[in-house]
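First comes the structure, then the notes that go with it.
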Amino acid sequence: MNKWKSVMLPLVAAAMLVTGCSGGNNNTSSPGAEAPGGDAAAATAEAKQEHTFTALLDNNATFPYSKDWPVWGWIKDKTGVTLEVQTPSGKLAEALNLAVASNALPDLMYMPNRKESNKFGQQGALVDLMEHMDKLPNLTAWMKQYPDEAKAALSADGKMYMFPNQGFGETNRMIWMYRQDIFEKEGIQAPATYEELHTALKTLKAKYPDSYPLSVRYGQIPDEMNTNMTVNYGTGEGAYYDFDSKEWRYGPTEDSYKEMVGMWKQFYDEGLIPPDFLSLQTKQWQDMVSTGKSFVTVDYISRVDFFNNAMRKENPEFSMQFMAPPAGLAGGKQLNPYFHYMEGGLTVASTSKNIDDIMTYMDFFYSEEGRTLSSWGVEGETYVKEGSTIKFKPEFTDVIEMRKQTGLQTSGTYTWIDFNAHLSLFSDDLKHAYEEAVKYDPANMQPRPAFTEKENEVISITGQAIKKHRDESFAKFVTGSRKLADWDKYVEEINNLGVDKLLATYKEAYDRVQNIQLGSK
């Protein structure tokens with residue numbers, strides 16, 4: 001303990017923003033639903049023997065860590081556990097590297113993504129949770145209930161170094177949005193296809209010549225934008241798994257991708273998107289939307305309230321609303337990409353002397369009781385029940401303020417949450433957006449297989465070379481510096497960079513995970 005303190009105490013709390021919009025599954029079951037694990041009560045009772053564990057947790061500038069948050073007392077009441085918390089004074093990655101290098105590890109560590117946890121786990125710094133499933137009955141049941149999420153938490157060798165998260169990733173949803181007030185004013189129907197979108201944008205351009213009716217912050221989040229565009233055309237922004245043909249494919253060489261590029265070229269040629277859309281940053285994009293220079297966009301779902309709350313102070317008619325994603329191909333599906341999962345989570349140090357007790361403690365969070373506590377807090381203190389409905393008390397009207405006051409859903413206080421808790425505090429517009437968005441989820445979440453060190457080399461070298469050529473070619477095709485008539489030559493060029501090798505790498509990693517039997521250890 002003293003050794004850990006001597007290394008970690010300099011890592012005191014400082015503002016460090018980790019975006020809430022940074023992916024979890026859609027989760028709409030009520031807090032009163034049956035728990036996935038039947039041993040929750042026994043596990044909780046056993047955990048009530050008091051323990052103190054050290055923990056390195058993430059910190060958020062919006063709601064910086066506080067030892068006085070009520071959530072810590074609520075957790076202790078249920079589990080008997082007190083966390084002796086430190087937060088990084090700089091970047092979380094630096095604090096983690098320092099802790100691992102010094103071998104002065106806290107019992108629990110929050111890691112920002114699975115790549116980091118797999119790296120440290122394979123170095124021997126973290127516990128393989130699969131070896132402790134006898135202490136994790138609720139997690140075992142949860143894994144059976146959510147096998148895709150469970151497999152996404154595995155390392156390349158079938159180990160699990162991070163406790164999986166679910167529910168909170170809903171904040172990562174990306175959707176199409178449009179100025180409903182402007183569309184209604186001009187008598188324009190919300191488009192259901194790219195052809196209808198094209199027509200709507202041309203109509204808006206004619207009525208508002210100084211506008212660029214469609215804008216996206218491509219320059220800030222290009223990978224997300226590529227994924228949003230390609231899912232509309234039934235393809236992928238890179239390597240993707242085709243669930244119909246049961247094979248890995250490379251989207252940017254497919255004819256449907258070419259169709260997408262052709263449509264965006266039309267948008268560009270006709271001035272329907274900004275001429276600098278490929279480098280458009282967040283501030284530029286926000287200014288265009290807020291000043292009526294743009295009427296359709298794609299971004300994280302929380303932007304509905306972001307724009308409406310700010311702009312209605314000056315213009316009460318301003319109405320940014322959810323728009324169903326347009327289908328790109330004739331007869332194609334209207335889909336949004338599946339971004340609503342979360343990569344970060346808690347890990348257990350292999351040097352801890354409290355491993356068994358920590359497992360019992362963490363298993364509580366996969367019980368229905370743990371999920372309700374993590375999501376809503378404590379009945380009578382933060383929420384009330386009205387029949388089968390659960391509601392926050394009237395004093396809680398805003399998600400951010402609720403988290404600041406209670407510490408609920410902050411780093412180290414949850415693994416599995418009921419997103420209805422967040423949803424209940426959203427505006428009617430944002431609630432509507434969430435309710436509509438789930439109708440356009442893909443049938444399957446794209447696999448996120450873990451790679452070996454050798455496979456990561458292929459991804460980082462071959463994959464990056466391919467991606468660079470894809471991005472450069474997309475820019476050239478859209479802006480007209482390269483003709484779409486050269487498409488076949490482009491496909492040959494990109495294939496020669498090693499597309500087959502890249503797809504084989506994804507296939508090998510995916511097949512390896514599929515062959516793992518959860519709970520077999």
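Order determines the names: the first chain of the structure tokens is A, the second B, and so forth; residues in each chain are numbered 1 upward, and ligands are numbered 1 upward as they are shown.
Residues of stretch 90-324 of chain A carrying a DSSP assignment of strand (DSSP E), computed from the backbone, are Leu108, Met109, Tyr110, Met111, Met174, Ile175, Trp176, Met177, Tyr178, Arg179, Ala239, Tyr240, Tyr241, Asp242, Glu247, Trp248, Arg249, Tyr250, Val296, Thr297, Val298, Asp299, Tyr300, Met320, Gln321, Phe322 and Met323 of chain A.
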Check: Excluding same-chain residues fewer than 6 positions from stretch 318-327 of chain A, what lies within 6 Å of it counting only C-alpha atoms, as number ranges by chain?
Finding: A: 176-181, 192-194, 232, 304, 312, 333-335, 433
Notebook entry, point to check: Near stretch 50-60 of chain A, within 6 Å and counting only C-alpha atoms, which residues show up once chain neighbours fewer than 5 positions away are dropped, as an NGL selection string?
Noted result: :A and (15-17 or 65 or 80-87 or 106-110 or 411)
Written selection (N, CA and C atoms) as a PDB file, in the first residue's frame:
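Output (again32.pdb):
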ATOM      1  N   ALA A  15      -8.407  18.198 -14.270  1.00  0.00           N
ATOM      2  CA  ALA A  15      -9.456  18.083 -15.284  1.00  0.00           C
ATOM      3  C   ALA A  15      -8.945  17.339 -16.487  1.00  0.00           C
ATOM      4  N   MET A  16      -9.644  16.288 -16.794  1.00  0.00           N
ATOM      5  CA  MET A  16      -9.254  15.478 -17.958  1.00  0.00           C
ATOM      6  C   MET A  16     -10.528  14.995 -18.607  1.00  0.00           C
ATOM      7  N   LEU A  17     -10.858  15.568 -19.719  1.00  0.00           N
ATOM      8  CA  LEU A  17     -12.120  15.254 -20.368  1.00  0.00           C
ATOM      9  C   LEU A  17     -11.993  14.004 -21.202  1.00  0.00           C
ATOM     10  N   TYR A  65     -13.733  14.041 -10.064  1.00  0.00           N
ATOM     11  CA  TYR A  65     -13.873  13.091  -8.954  1.00  0.00           C
ATOM     12  C   TYR A  65     -13.991  13.804  -7.606  1.00  0.00           C
ATOM     13  N   GLY A  80     -19.758  -3.405   1.179  1.00  0.00           N
ATOM     14  CA  GLY A  80     -18.753  -3.347   2.231  1.00  0.00           C
ATOM     15  C   GLY A  80     -17.419  -2.802   1.770  1.00  0.00           C
ATOM     16  N   VAL A  81     -17.358  -2.325   0.518  1.00  0.00           N
ATOM     17  CA  VAL A  81     -16.081  -1.912  -0.070  1.00  0.00           C
ATOM     18  C   VAL A  81     -15.926  -0.395  -0.100  1.00  0.00           C
ATOM     19  N   THR A  82     -14.737   0.041   0.289  1.00  0.00           N
ATOM     20  CA  THR A  82     -14.319   1.434   0.145  1.00  0.00           C
ATOM     21  C   THR A  82     -13.180   1.469  -0.864  1.00  0.00           C
ATOM     22  N   LEU A  83     -13.245   2.401  -1.805  1.00  0.00           N
ATOM     23  CA  LEU A  83     -12.158   2.567  -2.760  1.00  0.00           C
ATOM     24  C   LEU A  83     -11.282   3.742  -2.341  1.00  0.00           C
ATOM     25  N   GLU A  84      -9.986   3.479  -2.230  1.00  0.00           N
ATOM     26  CA  GLU A  84      -9.009   4.534  -1.988  1.00  0.00           C
ATOM     27  C   GLU A  84      -8.539   4.996  -3.364  1.00  0.00           C
ATOM     28  N   VAL A  85      -9.102   6.107  -3.824  1.00  0.00           N
ATOM     29  CA  VAL A  85      -9.004   6.516  -5.231  1.00  0.00           C
ATOM     30  C   VAL A  85      -7.903   7.527  -5.475  1.00  0.00           C
ATOM     31  N   GLN A  86      -7.179   7.322  -6.566  1.00  0.00           N
ATOM     32  CA  GLN A  86      -6.297   8.345  -7.126  1.00  0.00           C
ATOM     33  C   GLN A  86      -6.717   8.567  -8.574  1.00  0.00           C
ATOM     34  N   THR A  87      -6.550   9.802  -9.044  1.00  0.00           N
ATOM     35  CA  THR A  87      -6.832  10.138 -10.442  1.00  0.00           C
ATOM     36  C   THR A  87      -5.583  10.755 -11.056  1.00  0.00           C
ATOM     37  N   PRO A 106      -2.133  -0.251  -8.254  1.00  0.00           N
ATOM     38  CA  PRO A 106      -3.324  -0.257  -7.404  1.00  0.00           C
ATOM     39  C   PRO A 106      -4.121  -1.532  -7.695  1.00  0.00           C
ATOM     40  N   ASP A 107      -5.035  -1.869  -6.816  1.00  0.00           N
ATOM     41  CA  ASP A 107      -5.833  -3.080  -7.012  1.00  0.00           C
ATOM     42  C   ASP A 107      -6.663  -3.011  -8.287  1.00  0.00           C
ATOM     43  N   LEU A 108      -7.294  -1.872  -8.501  1.00  0.00           N
ATOM     44  CA  LEU A 108      -8.166  -1.669  -9.665  1.00  0.00           C
ATOM     45  C   LEU A 108      -7.638  -0.514 -10.500  1.00  0.00           C
ATOM     46  N   MET A 109      -7.708  -0.665 -11.825  1.00  0.00           N
ATOM     47  CA  MET A 109      -7.283   0.412 -12.721  1.00  0.00           C
ATOM     48  C   MET A 109      -8.288   0.555 -13.845  1.00  0.00           C
ATOM     49  N   TYR A 110      -8.682   1.795 -14.103  1.00  0.00           N
ATOM     50  CA  TYR A 110      -9.544   2.063 -15.254  1.00  0.00           C
ATOM     51  C   TYR A 110      -8.667   2.220 -16.493  1.00  0.00           C
ATOM     52  N   SER A 411     -16.474   7.303 -13.381  1.00  0.00           N
ATOM     53  CA  SER A 411     -15.468   6.241 -13.478  1.00  0.00           C
ATOM     54  C   SER A 411     -15.370   5.427 -12.195  1.00  0.00           C
TER      55      SER A 411
END
Closest pair table for stretch 282-388 of chain A residues within 6 Å of stretch 128-137 of chain A, only C-alpha atoms, as CSV:
residue,atom,partner,partner_atom,distance
A:Met359,CA,A:Lys135,CA,5.9
A:Thr360,CA,A:Lys135,CA,5.8
A:Asp363,CA,A:Leu136,CA,5.3
I'd like a table as JSON lines: residues in stretch 422-516 of chain A with an atom no more than 12 Å from stretch 340-351 of chain A, each row giving the shortest atom pair and its distance in Å to one decimal, only C-alpha atoms counted, sorted by chain and rising residue number.
{"residue": "A:Tyr434", "atom": "CA", "partner": "A:His340", "partner_atom": "CA", "distance": 11.5}
{"residue": "A:Ala437", "atom": "CA", "partner": "A:His340", "partner_atom": "CA", "distance": 11.1}
{"residue": "A:Val438", "atom": "CA", "partner": "A:His340", "partner_atom": "CA", "distance": 10.5}
{"residue": "A:Asp441", "atom": "CA", "partner": "A:His340", "partner_atom": "CA", "distance": 9.9}
{"residue": "A:Pro442", "atom": "CA", "partner": "A:His340", "partner_atom": "CA", "distance": 11.5}
{"residue": "A:Met445", "atom": "CA", "partner": "A:His340", "partner_atom": "CA", "distance": 9.5}
{"residue": "A:Gln446", "atom": "CA", "partner": "A:Tyr341", "partner_atom": "CA", "distance": 10.9}
{"residue": "A:Pro447", "atom": "CA", "partner": "A:Tyr341", "partner_atom": "CA", "distance": 11.6}
{"residue": "A:Arg448", "atom": "CA", "partner": "A:Glu343", "partner_atom": "CA", "distance": 10.3}
Pull all heavy atoms from the residues just selected and write them as a compact mmCIF listing (two decimals), in the first residue's frame.
# COMPACT_ATOMS: atom_id res chain seq x y z
N TYR A 434 -33.77 9.25 -29.48
CA TYR A 434 -33.37 7.92 -29.04
C TYR A 434 -34.42 6.86 -29.39
O TYR A 434 -34.09 5.77 -29.85
CB TYR A 434 -33.10 7.90 -27.53
CG TYR A 434 -31.69 8.25 -27.16
CD1 TYR A 434 -31.36 9.53 -26.72
CD2 TYR A 434 -30.67 7.31 -27.27
CE1 TYR A 434 -30.06 9.86 -26.39
CE2 TYR A 434 -29.37 7.63 -26.94
CZ TYR A 434 -29.07 8.91 -26.50
OH TYR A 434 -27.77 9.23 -26.18
N ALA A 437 -34.10 6.32 -33.10
CA ALA A 437 -32.81 5.82 -33.55
C ALA A 437 -32.72 4.30 -33.48
O ALA A 437 -32.13 3.66 -34.37
CB ALA A 437 -31.68 6.45 -32.75
N VAL A 438 -33.29 3.70 -32.44
CA VAL A 438 -33.19 2.26 -32.28
C VAL A 438 -33.86 1.51 -33.42
O VAL A 438 -33.54 0.34 -33.69
CB VAL A 438 -33.78 1.78 -30.93
CG1 VAL A 438 -33.02 2.39 -29.78
CG2 VAL A 438 -35.27 2.11 -30.83
N ASP A 441 -31.15 0.56 -36.18
CA ASP A 441 -29.93 -0.18 -35.83
C ASP A 441 -29.72 -1.33 -36.81
O ASP A 441 -30.69 -1.97 -37.24
CB ASP A 441 -30.04 -0.77 -34.42
CG ASP A 441 -29.82 0.26 -33.33
OD1 ASP A 441 -29.32 1.35 -33.64
OD2 ASP A 441 -30.16 -0.04 -32.17
N PRO A 442 -28.47 -1.63 -37.15
CA PRO A 442 -28.20 -2.83 -37.95
C PRO A 442 -28.64 -4.07 -37.18
O PRO A 442 -28.71 -4.07 -35.95
CB PRO A 442 -26.67 -2.81 -38.12
CG PRO A 442 -26.25 -1.41 -37.78
CD PRO A 442 -27.25 -0.90 -36.80
N MET A 445 -24.14 -6.21 -34.75
CA MET A 445 -23.03 -5.32 -34.45
C MET A 445 -21.78 -5.82 -35.17
O MET A 445 -21.49 -7.02 -35.16
CB MET A 445 -22.80 -5.29 -32.94
CG MET A 445 -21.62 -4.46 -32.49
SD MET A 445 -21.52 -4.36 -30.67
CE MET A 445 -21.34 -6.09 -30.23
N GLN A 446 -21.06 -4.93 -35.82
CA GLN A 446 -19.82 -5.34 -36.48
C GLN A 446 -18.85 -5.94 -35.46
O GLN A 446 -18.68 -5.40 -34.36
CB GLN A 446 -19.16 -4.15 -37.17
CG GLN A 446 -19.70 -3.87 -38.56
CD GLN A 446 -19.36 -4.96 -39.56
OE1 GLN A 446 -18.20 -5.36 -39.71
NE2 GLN A 446 -20.38 -5.46 -40.24
N PRO A 447 -18.23 -7.08 -35.77
CA PRO A 447 -17.28 -7.69 -34.83
C PRO A 447 -16.11 -6.76 -34.53
O PRO A 447 -15.70 -5.97 -35.37
CB PRO A 447 -16.80 -8.94 -35.58
CG PRO A 447 -17.82 -9.18 -36.65
CD PRO A 447 -18.35 -7.84 -37.02
N ARG A 448 -15.60 -6.88 -33.31
CA ARG A 448 -14.42 -6.12 -32.89
C ARG A 448 -13.38 -7.09 -32.37
O ARG A 448 -13.08 -7.12 -31.18
CB ARG A 448 -14.79 -5.08 -31.82
CG ARG A 448 -15.96 -4.21 -32.20
CD ARG A 448 -16.13 -2.98 -31.32
NE ARG A 448 -16.20 -3.23 -29.91
CZ ARG A 448 -17.30 -3.57 -29.24
NH1 ARG A 448 -18.44 -3.74 -29.89
NH2 ARG A 448 -17.28 -3.74 -27.93
Checklist line | Within 10 Å of A:Trp285 using only C-alpha atoms, minus same-chain residues under 6 positions, as a ChimeraX atom specification | finding: /A:215-220,274,277,293-294,297
Restrict the selected residues to C-alpha atoms and save them as a CSV table (one decimal), in the first residue's frame.
chain,number,residue,atom,x,y,z
A,215,SER,CA,-22.4,19.9,-43.6
A,216,VAL,CA,-20.5,17.3,-41.5
A,217,ARG,CA,-17.3,17.7,-39.5
A,218,TYR,CA,-15.4,15.3,-41.6
A,219,GLY,CA,-12.1,16.9,-40.8
A,220,GLN,CA,-12.6,16.2,-37.1
A,274,PRO,CA,-18.8,23.2,-48.1
A,277,PHE,CA,-15.8,19.8,-46.1
A,293,LYS,CA,-25.9,28.2,-43.2
A,294,SER,CA,-26.5,24.4,-43.0
A,297,THR,CA,-25.9,17.1,-40.6
Next item on the list: Rounded to one decimal place, report the atom CA of A:Ile459-atom CA of A:Ala509 distance in Å.
Entry: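 It comes out at 11.6 Å.
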